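Have a look at start-v1.cif; it's mmCIF, N, CA and C atoms:
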```
data_protein
#
loop_
_atom_site.label_atom_id
_atom_site.label_comp_id
_atom_site.auth_asym_id
_atom_site.auth_seq_id
_atom_site.Cartn_x
_atom_site.Cartn_y
_atom_site.Cartn_z
N MET A 1 0.83 -1.19 0.00
CA MET A 1 0.00 0.00 0.00
C MET A 1 0.87 1.24 0.00
N SER A 2 0.42 2.20 -0.72
CA SER A 2 1.18 3.45 -0.75
C SER A 2 0.55 4.45 0.20
N ASP A 3 1.25 5.58 0.36
CA ASP A 3 0.70 6.60 1.25
C ASP A 3 -0.48 7.33 0.63
N GLN A 4 -0.85 6.98 -0.60
CA GLN A 4 -2.01 7.58 -1.23
C GLN A 4 -3.29 6.81 -0.88
N VAL A 5 -3.18 5.62 -0.35
CA VAL A 5 -4.38 4.85 -0.03
C VAL A 5 -5.20 5.60 1.02
N PHE A 6 -6.48 5.71 0.75
CA PHE A 6 -7.41 6.38 1.65
C PHE A 6 -8.28 5.30 2.28
N ARG A 7 -8.29 5.25 3.60
CA ARG A 7 -9.02 4.22 4.34
C ARG A 7 -10.21 4.84 5.06
N VAL A 8 -11.33 4.15 4.98
CA VAL A 8 -12.55 4.56 5.66
C VAL A 8 -12.92 3.45 6.64
N MET A 9 -13.20 3.83 7.88
CA MET A 9 -13.63 2.85 8.87
C MET A 9 -14.96 3.30 9.46
N LEU A 10 -15.95 2.44 9.31
CA LEU A 10 -17.27 2.69 9.88
C LEU A 10 -17.43 1.84 11.12
N ARG A 11 -17.94 2.41 12.16
CA ARG A 11 -18.32 1.67 13.37
C ARG A 11 -19.83 1.68 13.41
N MET A 12 -20.42 0.50 13.39
CA MET A 12 -21.87 0.42 13.33
C MET A 12 -22.43 -0.36 14.51
N GLN A 13 -23.44 0.20 15.15
CA GLN A 13 -24.19 -0.49 16.19
C GLN A 13 -25.41 -1.10 15.49
N ILE A 14 -25.52 -2.42 15.57
CA ILE A 14 -26.62 -3.12 14.92
C ILE A 14 -27.67 -3.48 15.96
N LYS A 15 -28.92 -3.32 15.59
CA LYS A 15 -30.02 -3.60 16.51
C LYS A 15 -29.97 -5.06 16.98
N THR A 16 -30.23 -5.24 18.27
CA THR A 16 -30.20 -6.57 18.88
C THR A 16 -31.10 -7.53 18.13
N GLY A 17 -30.56 -8.70 17.83
CA GLY A 17 -31.31 -9.74 17.14
C GLY A 17 -31.26 -9.64 15.62
N MET A 18 -30.67 -8.58 15.10
CA MET A 18 -30.62 -8.38 13.64
C MET A 18 -29.22 -8.59 13.06
N GLU A 19 -28.31 -9.07 13.88
CA GLU A 19 -26.91 -9.19 13.47
C GLU A 19 -26.74 -10.13 12.26
N ASN A 20 -27.35 -11.32 12.31
CA ASN A 20 -27.18 -12.27 11.21
C ASN A 20 -27.77 -11.73 9.91
N ASP A 21 -28.94 -11.10 9.99
CA ASP A 21 -29.54 -10.51 8.80
C ASP A 21 -28.67 -9.38 8.24
N PHE A 22 -28.11 -8.57 9.13
CA PHE A 22 -27.21 -7.50 8.70
C PHE A 22 -26.01 -8.07 7.94
N GLU A 23 -25.38 -9.11 8.50
CA GLU A 23 -24.22 -9.71 7.84
C GLU A 23 -24.59 -10.24 6.46
N GLN A 24 -25.74 -10.87 6.36
CA GLN A 24 -26.18 -11.43 5.07
C GLN A 24 -26.41 -10.32 4.05
N VAL A 25 -27.11 -9.27 4.44
CA VAL A 25 -27.38 -8.17 3.52
C VAL A 25 -26.08 -7.47 3.14
N TRP A 26 -25.17 -7.29 4.09
CA TRP A 26 -23.88 -6.65 3.78
C TRP A 26 -23.16 -7.44 2.69
N ARG A 27 -23.15 -8.77 2.80
CA ARG A 27 -22.50 -9.60 1.78
C ARG A 27 -23.20 -9.46 0.43
N GLU A 28 -24.52 -9.40 0.45
CA GLU A 28 -25.30 -9.32 -0.79
C GLU A 28 -25.10 -8.01 -1.52
N VAL A 29 -24.92 -6.91 -0.80
CA VAL A 29 -24.83 -5.60 -1.45
C VAL A 29 -23.40 -5.07 -1.53
N GLY A 30 -22.45 -5.83 -1.03
CA GLY A 30 -21.07 -5.36 -0.97
C GLY A 30 -20.46 -5.01 -2.32
N ASP A 31 -20.92 -5.67 -3.37
CA ASP A 31 -20.33 -5.37 -4.67
C ASP A 31 -20.69 -3.97 -5.17
N SER A 32 -21.68 -3.34 -4.55
CA SER A 32 -21.98 -1.95 -4.92
C SER A 32 -20.83 -1.03 -4.50
N VAL A 33 -20.01 -1.49 -3.57
CA VAL A 33 -18.81 -0.76 -3.17
C VAL A 33 -17.60 -1.28 -3.95
N THR A 34 -17.39 -2.58 -3.92
CA THR A 34 -16.17 -3.15 -4.50
C THR A 34 -16.14 -3.09 -6.02
N ASP A 35 -17.29 -2.90 -6.66
CA ASP A 35 -17.30 -2.75 -8.11
C ASP A 35 -16.86 -1.36 -8.57
N HIS A 36 -16.78 -0.42 -7.63
CA HIS A 36 -16.33 0.93 -8.00
C HIS A 36 -14.85 0.84 -8.39
N PRO A 37 -14.46 1.43 -9.51
CA PRO A 37 -13.07 1.29 -9.97
C PRO A 37 -12.01 1.83 -9.02
N ALA A 38 -12.38 2.70 -8.08
CA ALA A 38 -11.40 3.25 -7.13
C ALA A 38 -11.33 2.46 -5.83
N ASN A 39 -12.18 1.45 -5.66
CA ASN A 39 -12.18 0.69 -4.42
C ASN A 39 -11.15 -0.43 -4.48
N ILE A 40 -10.32 -0.52 -3.47
CA ILE A 40 -9.28 -1.55 -3.39
C ILE A 40 -9.82 -2.80 -2.71
N GLY A 41 -10.74 -2.64 -1.77
CA GLY A 41 -11.34 -3.77 -1.06
C GLY A 41 -12.04 -3.28 0.18
N GLN A 42 -12.85 -4.17 0.75
CA GLN A 42 -13.52 -3.83 2.01
C GLN A 42 -13.67 -5.08 2.86
N TRP A 43 -13.79 -4.85 4.17
CA TRP A 43 -13.82 -5.93 5.15
C TRP A 43 -14.89 -5.63 6.19
N LEU A 44 -15.60 -6.68 6.60
CA LEU A 44 -16.58 -6.57 7.67
C LEU A 44 -16.05 -7.34 8.86
N SER A 45 -16.01 -6.71 10.01
CA SER A 45 -15.53 -7.35 11.24
C SER A 45 -16.56 -7.13 12.34
N ARG A 46 -16.72 -8.16 13.17
CA ARG A 46 -17.61 -8.08 14.34
C ARG A 46 -16.73 -7.91 15.58
N SER A 47 -17.09 -7.00 16.44
CA SER A 47 -16.31 -6.76 17.65
C SER A 47 -16.28 -8.03 18.51
N ALA A 48 -15.11 -8.31 19.05
CA ALA A 48 -14.96 -9.43 19.98
C ALA A 48 -15.30 -9.01 21.41
N GLU A 49 -15.51 -7.71 21.62
CA GLU A 49 -15.70 -7.20 22.97
C GLU A 49 -17.07 -6.57 23.22
N GLU A 50 -17.72 -6.08 22.16
CA GLU A 50 -18.99 -5.37 22.34
C GLU A 50 -20.08 -6.01 21.48
N GLU A 51 -21.18 -6.36 22.10
CA GLU A 51 -22.30 -6.97 21.39
C GLU A 51 -22.87 -5.99 20.36
N GLY A 52 -23.13 -6.49 19.16
CA GLY A 52 -23.79 -5.70 18.14
C GLY A 52 -22.94 -4.64 17.47
N ILE A 53 -21.65 -4.62 17.76
CA ILE A 53 -20.76 -3.63 17.14
C ILE A 53 -20.02 -4.29 15.98
N TYR A 54 -20.05 -3.60 14.84
CA TYR A 54 -19.35 -4.05 13.64
C TYR A 54 -18.47 -2.92 13.13
N TYR A 55 -17.41 -3.31 12.45
CA TYR A 55 -16.53 -2.36 11.79
C TYR A 55 -16.46 -2.72 10.32
N ILE A 56 -16.63 -1.74 9.48
CA ILE A 56 -16.46 -1.92 8.04
C ILE A 56 -15.29 -1.05 7.63
N VAL A 57 -14.30 -1.67 7.04
CA VAL A 57 -13.11 -0.95 6.58
C VAL A 57 -13.07 -1.07 5.06
N SER A 58 -12.89 0.05 4.39
CA SER A 58 -12.72 0.01 2.94
C SER A 58 -11.54 0.88 2.56
N ASP A 59 -10.79 0.40 1.58
CA ASP A 59 -9.62 1.12 1.08
C ASP A 59 -9.90 1.62 -0.33
N TRP A 60 -9.43 2.83 -0.58
CA TRP A 60 -9.67 3.53 -1.84
C TRP A 60 -8.36 4.05 -2.39
N VAL A 61 -8.29 4.19 -3.71
CA VAL A 61 -7.03 4.65 -4.31
C VAL A 61 -6.68 6.07 -3.89
N ASP A 62 -7.69 6.89 -3.59
CA ASP A 62 -7.43 8.23 -3.07
C ASP A 62 -8.71 8.82 -2.50
N GLU A 63 -8.57 9.92 -1.77
CA GLU A 63 -9.73 10.53 -1.12
C GLU A 63 -10.73 11.14 -2.10
N PRO A 64 -10.29 11.86 -3.13
CA PRO A 64 -11.28 12.46 -4.04
C PRO A 64 -12.22 11.43 -4.68
N GLN A 65 -11.68 10.27 -5.04
CA GLN A 65 -12.54 9.27 -5.67
C GLN A 65 -13.49 8.63 -4.65
N PHE A 66 -13.04 8.49 -3.39
CA PHE A 66 -13.97 8.02 -2.36
C PHE A 66 -15.08 9.03 -2.17
N ARG A 67 -14.73 10.31 -2.07
CA ARG A 67 -15.74 11.35 -1.85
C ARG A 67 -16.75 11.39 -2.99
N GLU A 68 -16.28 11.14 -4.21
CA GLU A 68 -17.19 11.07 -5.36
C GLU A 68 -18.17 9.90 -5.18
N PHE A 69 -17.65 8.74 -4.78
CA PHE A 69 -18.50 7.58 -4.52
C PHE A 69 -19.48 7.86 -3.39
N GLU A 70 -19.00 8.50 -2.34
CA GLU A 70 -19.80 8.74 -1.14
C GLU A 70 -21.08 9.52 -1.45
N THR A 71 -21.04 10.36 -2.46
CA THR A 71 -22.21 11.16 -2.81
C THR A 71 -22.99 10.61 -4.01
N SER A 72 -22.62 9.41 -4.47
CA SER A 72 -23.25 8.84 -5.65
C SER A 72 -24.59 8.18 -5.33
N ASP A 73 -25.42 8.01 -6.34
CA ASP A 73 -26.69 7.31 -6.18
C ASP A 73 -26.47 5.86 -5.74
N GLY A 74 -25.44 5.22 -6.26
CA GLY A 74 -25.14 3.83 -5.89
C GLY A 74 -24.86 3.68 -4.41
N HIS A 75 -24.13 4.62 -3.86
CA HIS A 75 -23.83 4.56 -2.43
C HIS A 75 -25.08 4.83 -1.60
N LEU A 76 -25.90 5.74 -2.05
CA LEU A 76 -27.15 6.03 -1.34
C LEU A 76 -28.03 4.79 -1.26
N LYS A 77 -28.14 4.05 -2.36
CA LYS A 77 -28.93 2.80 -2.35
C LYS A 77 -28.34 1.79 -1.36
N HIS A 78 -27.02 1.66 -1.38
CA HIS A 78 -26.31 0.74 -0.49
C HIS A 78 -26.62 1.08 0.97
N ARG A 79 -26.52 2.35 1.31
CA ARG A 79 -26.80 2.79 2.67
C ARG A 79 -28.25 2.53 3.06
N GLN A 80 -29.17 2.75 2.15
CA GLN A 80 -30.59 2.54 2.45
C GLN A 80 -30.88 1.07 2.76
N LEU A 81 -30.19 0.16 2.11
CA LEU A 81 -30.40 -1.27 2.36
C LEU A 81 -29.88 -1.70 3.73
N LEU A 82 -28.82 -1.05 4.19
CA LEU A 82 -28.23 -1.41 5.49
C LEU A 82 -28.82 -0.62 6.66
N HIS A 83 -29.42 0.52 6.37
CA HIS A 83 -29.90 1.41 7.42
C HIS A 83 -30.90 0.77 8.39
N PRO A 84 -31.82 -0.08 7.94
CA PRO A 84 -32.80 -0.65 8.89
C PRO A 84 -32.16 -1.46 10.03
N TYR A 85 -30.93 -1.89 9.86
CA TYR A 85 -30.26 -2.71 10.87
C TYR A 85 -29.50 -1.87 11.90
N ARG A 86 -29.24 -0.63 11.58
CA ARG A 86 -28.41 0.26 12.40
C ARG A 86 -29.19 0.94 13.51
N SER A 87 -28.54 1.05 14.66
CA SER A 87 -29.10 1.90 15.71
C SER A 87 -28.14 3.04 16.03
N GLY A 88 -26.99 3.05 15.40
CA GLY A 88 -26.01 4.11 15.60
C GLY A 88 -24.73 3.79 14.87
N GLY A 89 -23.83 4.76 14.84
CA GLY A 89 -22.55 4.51 14.19
C GLY A 89 -21.74 5.77 14.00
N SER A 90 -20.56 5.59 13.46
CA SER A 90 -19.67 6.71 13.18
C SER A 90 -18.73 6.33 12.05
N MET A 91 -18.09 7.35 11.46
CA MET A 91 -17.15 7.13 10.38
C MET A 91 -15.85 7.85 10.69
N THR A 92 -14.73 7.18 10.43
CA THR A 92 -13.40 7.73 10.58
C THR A 92 -12.67 7.54 9.26
N THR A 93 -11.96 8.57 8.81
CA THR A 93 -11.18 8.45 7.58
C THR A 93 -9.71 8.69 7.89
N MET A 94 -8.86 8.10 7.05
CA MET A 94 -7.42 8.21 7.28
C MET A 94 -6.64 7.95 6.00
N HIS A 95 -5.40 8.40 5.97
CA HIS A 95 -4.47 8.10 4.89
C HIS A 95 -3.48 7.06 5.41
N VAL A 96 -3.34 5.96 4.69
CA VAL A 96 -2.38 4.93 5.08
C VAL A 96 -0.99 5.46 4.77
N VAL A 97 -0.12 5.46 5.80
CA VAL A 97 1.23 5.97 5.60
C VAL A 97 2.29 4.87 5.55
N ALA A 98 1.95 3.69 6.05
CA ALA A 98 2.90 2.57 6.00
C ALA A 98 2.13 1.27 6.23
N ALA A 99 2.67 0.19 5.73
CA ALA A 99 2.09 -1.13 5.95
C ALA A 99 3.22 -2.14 6.08
N LEU A 100 3.14 -3.00 7.06
CA LEU A 100 4.13 -4.05 7.26
C LEU A 100 3.42 -5.39 7.26
N ALA A 101 3.85 -6.32 6.42
CA ALA A 101 3.24 -7.65 6.38
C ALA A 101 3.82 -8.50 7.50
N GLY A 102 2.97 -9.24 8.19
CA GLY A 102 3.43 -10.16 9.22
C GLY A 102 3.90 -11.46 8.62
N SER A 103 4.59 -12.25 9.41
CA SER A 103 5.16 -13.51 8.92
C SER A 103 4.10 -14.44 8.33
N ALA A 104 2.93 -14.50 8.97
CA ALA A 104 1.88 -15.40 8.49
C ALA A 104 1.30 -14.92 7.17
N GLY A 105 1.46 -13.65 6.84
CA GLY A 105 0.92 -13.11 5.60
C GLY A 105 1.87 -13.16 4.44
N GLN A 106 3.10 -13.60 4.68
CA GLN A 106 4.09 -13.65 3.60
C GLN A 106 4.14 -15.05 3.02
N GLN A 107 4.22 -15.11 1.70
CA GLN A 107 4.31 -16.40 1.03
C GLN A 107 5.77 -16.70 0.70
N SER A 108 6.11 -17.97 0.69
CA SER A 108 7.48 -18.37 0.36
C SER A 108 7.70 -18.42 -1.13
#
```
What is this structure when it is put down as structure tokens?
Amino acid sequence: MSDQVFRVMLRMQIKTGMENDFEQVWREVGDSVTDHPANIGQWLSRSAEEEGIYYIVSDWVDEPQFREFETSDGHLKHRQLLHPYRSGGSMTTMHVVAALAGSAGQQS
């Protein structure tokens, strides 16, 4: 990863009892994000410490292209499909400045 990679991290509180449905819908609509030519990838993680808390991390080639996606009709549809499961959340953005691969992630 270069220092141009723009990372977005969403913290989402999912309504109690709706976690499995949220995960399923996220998988079903995820290509609306990953099909964007500026998207490098995205990951869904469930907190190991807090019930109903999820983190969505997505990497983008740069901030301007993410911001363009963020205001697009495609993104609005994506958000509308996931919104019924949310009871709260926040977004953090950052520029990746360095990346180090761990031993388990390196291939021989």
- [ ] Find, counting all atoms listed in the file, the residue in A:Met9, A:Arg27, A:His83, A:Gln106 that gets nearest to Val57 of chain A.
- [x]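 Of A:Met9, A:Arg27, A:His83, A:Gln106, the one nearest Val57 of chain A, counting all atoms listed in the file, is A:Met9.
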Around segment 41-47 of chain A, with edges along x, y and z and 4 Å added on all six sides, what centre and edge lengths do you get, in Å to one decimal, as JSON?
```
{"center_x": -14.2, "center_y": -5.4, "center_z": 8.4, "size_x": 14.9, "size_y": 13.5, "size_z": 28.3}
```
- [ ] Please write as a VMD selection string the full residue list that the PyMOL selection byres (((chain A and resi 74-82 and name CA) around 8) and name CA) yields on this file.
- [x] chain A and resid 22 25 to 26 29 32 to 33 69 to 73 83 to 86
- [ ] Work out how far apart atom CA of Met12 of chain A and atom N of Ala98 of chain A are and give it in Å to one decimal.
- [x]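 Calculated distance between atom CA of Met12 of chain A and atom N of Ala98 of chain A is 25.1 Å.
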Given the point (-3.5, 5.9, 0.6) in the file's coordinates, find the residues that have an atom at most 7 Å from it, counting only N, CA and C atoms, and give them as a JSON list (two decimals) with N, CA and C atoms, in the frame of the given file.
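Wrote out-v9.json, looks like this:
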```json
[["chain", "number", "residue", "atom", "x", "y", "z"],
["A", 1, "MET", "N", 0.83, -1.19, 0.00],
["A", 1, "MET", "CA", 0.00, 0.00, 0.00],
["A", 1, "MET", "C", 0.87, 1.24, 0.00],
["A", 2, "SER", "N", 0.42, 2.20, -0.72],
["A", 2, "SER", "CA", 1.18, 3.45, -0.75],
["A", 2, "SER", "C", 0.55, 4.45, 0.20],
["A", 3, "ASP", "N", 1.25, 5.58, 0.36],
["A", 3, "ASP", "CA", 0.70, 6.60, 1.25],
["A", 3, "ASP", "C", -0.48, 7.33, 0.63],
["A", 4, "GLN", "N", -0.85, 6.98, -0.60],
["A", 4, "GLN", "CA", -2.01, 7.58, -1.23],
["A", 4, "GLN", "C", -3.29, 6.81, -0.88],
["A", 5, "VAL", "N", -3.18, 5.62, -0.35],
["A", 5, "VAL", "CA", -4.38, 4.85, -0.03],
["A", 5, "VAL", "C", -5.20, 5.60, 1.02],
["A", 6, "PHE", "N", -6.48, 5.71, 0.75],
["A", 6, "PHE", "CA", -7.41, 6.38, 1.65],
["A", 6, "PHE", "C", -8.28, 5.30, 2.28],
["A", 7, "ARG", "N", -8.29, 5.25, 3.60],
["A", 7, "ARG", "CA", -9.02, 4.22, 4.34],
["A", 7, "ARG", "C", -10.21, 4.84, 5.06],
["A", 60, "TRP", "N", -9.43, 2.83, -0.58],
["A", 60, "TRP", "CA", -9.67, 3.53, -1.84],
["A", 60, "TRP", "C", -8.36, 4.05, -2.39],
["A", 61, "VAL", "N", -8.29, 4.19, -3.71],
["A", 61, "VAL", "CA", -7.03, 4.65, -4.31],
["A", 61, "VAL", "C", -6.68, 6.07, -3.89],
["A", 62, "ASP", "N", -7.69, 6.89, -3.59],
["A", 62, "ASP", "CA", -7.43, 8.23, -3.07],
["A", 62, "ASP", "C", -8.71, 8.82, -2.50],
["A", 63, "GLU", "N", -8.57, 9.92, -1.77],
["A", 63, "GLU", "CA", -9.73, 10.53, -1.12],
["A", 63, "GLU", "C", -10.73, 11.14, -2.10],
["A", 94, "MET", "N", -8.86, 8.10, 7.05],
["A", 94, "MET", "CA", -7.42, 8.21, 7.28],
["A", 94, "MET", "C", -6.64, 7.95, 6.00],
["A", 95, "HIS", "N", -5.40, 8.40, 5.97],
["A", 95, "HIS", "CA", -4.47, 8.10, 4.89],
["A", 95, "HIS", "C", -3.48, 7.06, 5.41],
["A", 96, "VAL", "N", -3.34, 5.96, 4.69],
["A", 96, "VAL", "CA", -2.38, 4.93, 5.08],
["A", 96, "VAL", "C", -0.99, 5.46, 4.77],
["A", 97, "VAL", "N", -0.12, 5.46, 5.80],
["A", 97, "VAL", "CA", 1.23, 5.97, 5.60],
["A", 97, "VAL", "C", 2.29, 4.87, 5.55]]
```
- [ ] Have a look at atom CA of Thr93 of chain A and atom CA of Leu44 of chain A and let me know their distance in Å, one decimal.
- [x] 16.0 Å
- [ ] Grab the atom N of Ile40 of chain A to atom CA of Thr92 of chain A distance for me, in Å with one decimal place.
- [x] 16.6 Å
TODO: From a DSSP pass on the backbone, collect the residues of chain A flagged as strand (DSSP E or B) and hand them back as an MDAnalysis selection string.
DONE: chainID A and resid 6:14 39:46 53:60 86:95
Output of the above residues as an mmCIF file, keeping the file's coordinate frame, restricted to N, CA and C atoms:
```
data_model
loop_
_atom_site.group_PDB
_atom_site.id
_atom_site.type_symbol
_atom_site.label_atom_id
_atom_site.label_comp_id
_atom_site.auth_asym_id
_atom_site.auth_seq_id
_atom_site.Cartn_x
_atom_site.Cartn_y
_atom_site.Cartn_z
ATOM 1 N N PHE A 6 -6.480 5.710 0.750
ATOM 2 C CA PHE A 6 -7.410 6.380 1.650
ATOM 3 C C PHE A 6 -8.280 5.300 2.280
ATOM 4 N N ARG A 7 -8.290 5.250 3.600
ATOM 5 C CA ARG A 7 -9.020 4.220 4.340
ATOM 6 C C ARG A 7 -10.210 4.840 5.060
ATOM 7 N N VAL A 8 -11.330 4.150 4.980
ATOM 8 C CA VAL A 8 -12.550 4.560 5.660
ATOM 9 C C VAL A 8 -12.920 3.450 6.640
ATOM 10 N N MET A 9 -13.200 3.830 7.880
ATOM 11 C CA MET A 9 -13.630 2.850 8.870
ATOM 12 C C MET A 9 -14.960 3.300 9.460
ATOM 13 N N LEU A 10 -15.950 2.440 9.310
ATOM 14 C CA LEU A 10 -17.270 2.690 9.880
ATOM 15 C C LEU A 10 -17.430 1.840 11.120
ATOM 16 N N ARG A 11 -17.940 2.410 12.160
ATOM 17 C CA ARG A 11 -18.320 1.670 13.370
ATOM 18 C C ARG A 11 -19.830 1.680 13.410
ATOM 19 N N MET A 12 -20.420 0.500 13.390
ATOM 20 C CA MET A 12 -21.870 0.420 13.330
ATOM 21 C C MET A 12 -22.430 -0.360 14.510
ATOM 22 N N GLN A 13 -23.440 0.200 15.150
ATOM 23 C CA GLN A 13 -24.190 -0.490 16.190
ATOM 24 C C GLN A 13 -25.410 -1.100 15.490
ATOM 25 N N ILE A 14 -25.520 -2.420 15.570
ATOM 26 C CA ILE A 14 -26.620 -3.120 14.920
ATOM 27 C C ILE A 14 -27.670 -3.480 15.960
ATOM 28 N N ASN A 39 -12.180 1.450 -5.660
ATOM 29 C CA ASN A 39 -12.180 0.690 -4.420
ATOM 30 C C ASN A 39 -11.150 -0.430 -4.480
ATOM 31 N N ILE A 40 -10.320 -0.520 -3.470
ATOM 32 C CA ILE A 40 -9.280 -1.550 -3.390
ATOM 33 C C ILE A 40 -9.820 -2.800 -2.710
ATOM 34 N N GLY A 41 -10.740 -2.640 -1.770
ATOM 35 C CA GLY A 41 -11.340 -3.770 -1.060
ATOM 36 C C GLY A 41 -12.040 -3.280 0.180
ATOM 37 N N GLN A 42 -12.850 -4.170 0.750
ATOM 38 C CA GLN A 42 -13.520 -3.830 2.010
ATOM 39 C C GLN A 42 -13.670 -5.080 2.860
ATOM 40 N N TRP A 43 -13.790 -4.850 4.170
ATOM 41 C CA TRP A 43 -13.820 -5.930 5.150
ATOM 42 C C TRP A 43 -14.890 -5.630 6.190
ATOM 43 N N LEU A 44 -15.600 -6.680 6.600
ATOM 44 C CA LEU A 44 -16.580 -6.570 7.670
ATOM 45 C C LEU A 44 -16.050 -7.340 8.860
ATOM 46 N N SER A 45 -16.010 -6.710 10.010
ATOM 47 C CA SER A 45 -15.530 -7.350 11.240
ATOM 48 C C SER A 45 -16.560 -7.130 12.340
ATOM 49 N N ARG A 46 -16.720 -8.160 13.170
ATOM 50 C CA ARG A 46 -17.610 -8.080 14.340
ATOM 51 C C ARG A 46 -16.730 -7.910 15.580
ATOM 52 N N ILE A 53 -21.650 -4.620 17.760
ATOM 53 C CA ILE A 53 -20.760 -3.630 17.140
ATOM 54 C C ILE A 53 -20.020 -4.290 15.980
ATOM 55 N N TYR A 54 -20.050 -3.600 14.840
ATOM 56 C CA TYR A 54 -19.350 -4.050 13.640
ATOM 57 C C TYR A 54 -18.470 -2.920 13.130
ATOM 58 N N TYR A 55 -17.410 -3.310 12.450
ATOM 59 C CA TYR A 55 -16.530 -2.360 11.790
ATOM 60 C C TYR A 55 -16.460 -2.720 10.320
ATOM 61 N N ILE A 56 -16.630 -1.740 9.480
ATOM 62 C CA ILE A 56 -16.460 -1.920 8.040
ATOM 63 C C ILE A 56 -15.290 -1.050 7.630
ATOM 64 N N VAL A 57 -14.300 -1.670 7.040
ATOM 65 C CA VAL A 57 -13.110 -0.950 6.580
ATOM 66 C C VAL A 57 -13.070 -1.070 5.060
ATOM 67 N N SER A 58 -12.890 0.050 4.390
ATOM 68 C CA SER A 58 -12.720 0.010 2.940
ATOM 69 C C SER A 58 -11.540 0.880 2.560
ATOM 70 N N ASP A 59 -10.790 0.400 1.580
ATOM 71 C CA ASP A 59 -9.620 1.120 1.080
ATOM 72 C C ASP A 59 -9.900 1.620 -0.330
ATOM 73 N N TRP A 60 -9.430 2.830 -0.580
ATOM 74 C CA TRP A 60 -9.670 3.530 -1.840
ATOM 75 C C TRP A 60 -8.360 4.050 -2.390
ATOM 76 N N ARG A 86 -29.240 -0.630 11.580
ATOM 77 C CA ARG A 86 -28.410 0.260 12.400
ATOM 78 C C ARG A 86 -29.190 0.940 13.510
ATOM 79 N N SER A 87 -28.540 1.050 14.660
ATOM 80 C CA SER A 87 -29.100 1.900 15.710
ATOM 81 C C SER A 87 -28.140 3.040 16.030
ATOM 82 N N GLY A 88 -26.990 3.050 15.400
ATOM 83 C CA GLY A 88 -26.010 4.110 15.600
ATOM 84 C C GLY A 88 -24.730 3.790 14.870
ATOM 85 N N GLY A 89 -23.830 4.760 14.840
ATOM 86 C CA GLY A 89 -22.550 4.510 14.190
ATOM 87 C C GLY A 89 -21.740 5.770 14.000
ATOM 88 N N SER A 90 -20.560 5.590 13.460
ATOM 89 C CA SER A 90 -19.670 6.710 13.180
ATOM 90 C C SER A 90 -18.730 6.330 12.050
ATOM 91 N N MET A 91 -18.090 7.350 11.460
ATOM 92 C CA MET A 91 -17.150 7.130 10.380
ATOM 93 C C MET A 91 -15.850 7.850 10.690
ATOM 94 N N THR A 92 -14.730 7.180 10.430
ATOM 95 C CA THR A 92 -13.400 7.730 10.580
ATOM 96 C C THR A 92 -12.670 7.540 9.260
ATOM 97 N N THR A 93 -11.960 8.570 8.810
ATOM 98 C CA THR A 93 -11.180 8.450 7.580
ATOM 99 C C THR A 93 -9.710 8.690 7.890
ATOM 100 N N MET A 94 -8.860 8.100 7.050
ATOM 101 C CA MET A 94 -7.420 8.210 7.280
ATOM 102 C C MET A 94 -6.640 7.950 6.000
ATOM 103 N N HIS A 95 -5.400 8.400 5.970
ATOM 104 C CA HIS A 95 -4.470 8.100 4.890
ATOM 105 C C HIS A 95 -3.480 7.060 5.410
#
```
Open item on the list: Suppose a student applies the PyMOL selection byres ((chain A and resi 41) around 5) to this structure; what residues should they get, written as a list in words?
Closed with: Asn39, Ile40, Gln42, Trp43, Ser58 and Asp59 of chain A
- [ ] Carefully work through the PyMOL selection byres ((chain A and resi 54) around 7) for this structure and note down the residues it includes, as a VMD selection string.
- [x] chain A and resid 10 to 14 44 to 47 51 to 53 55 to 56
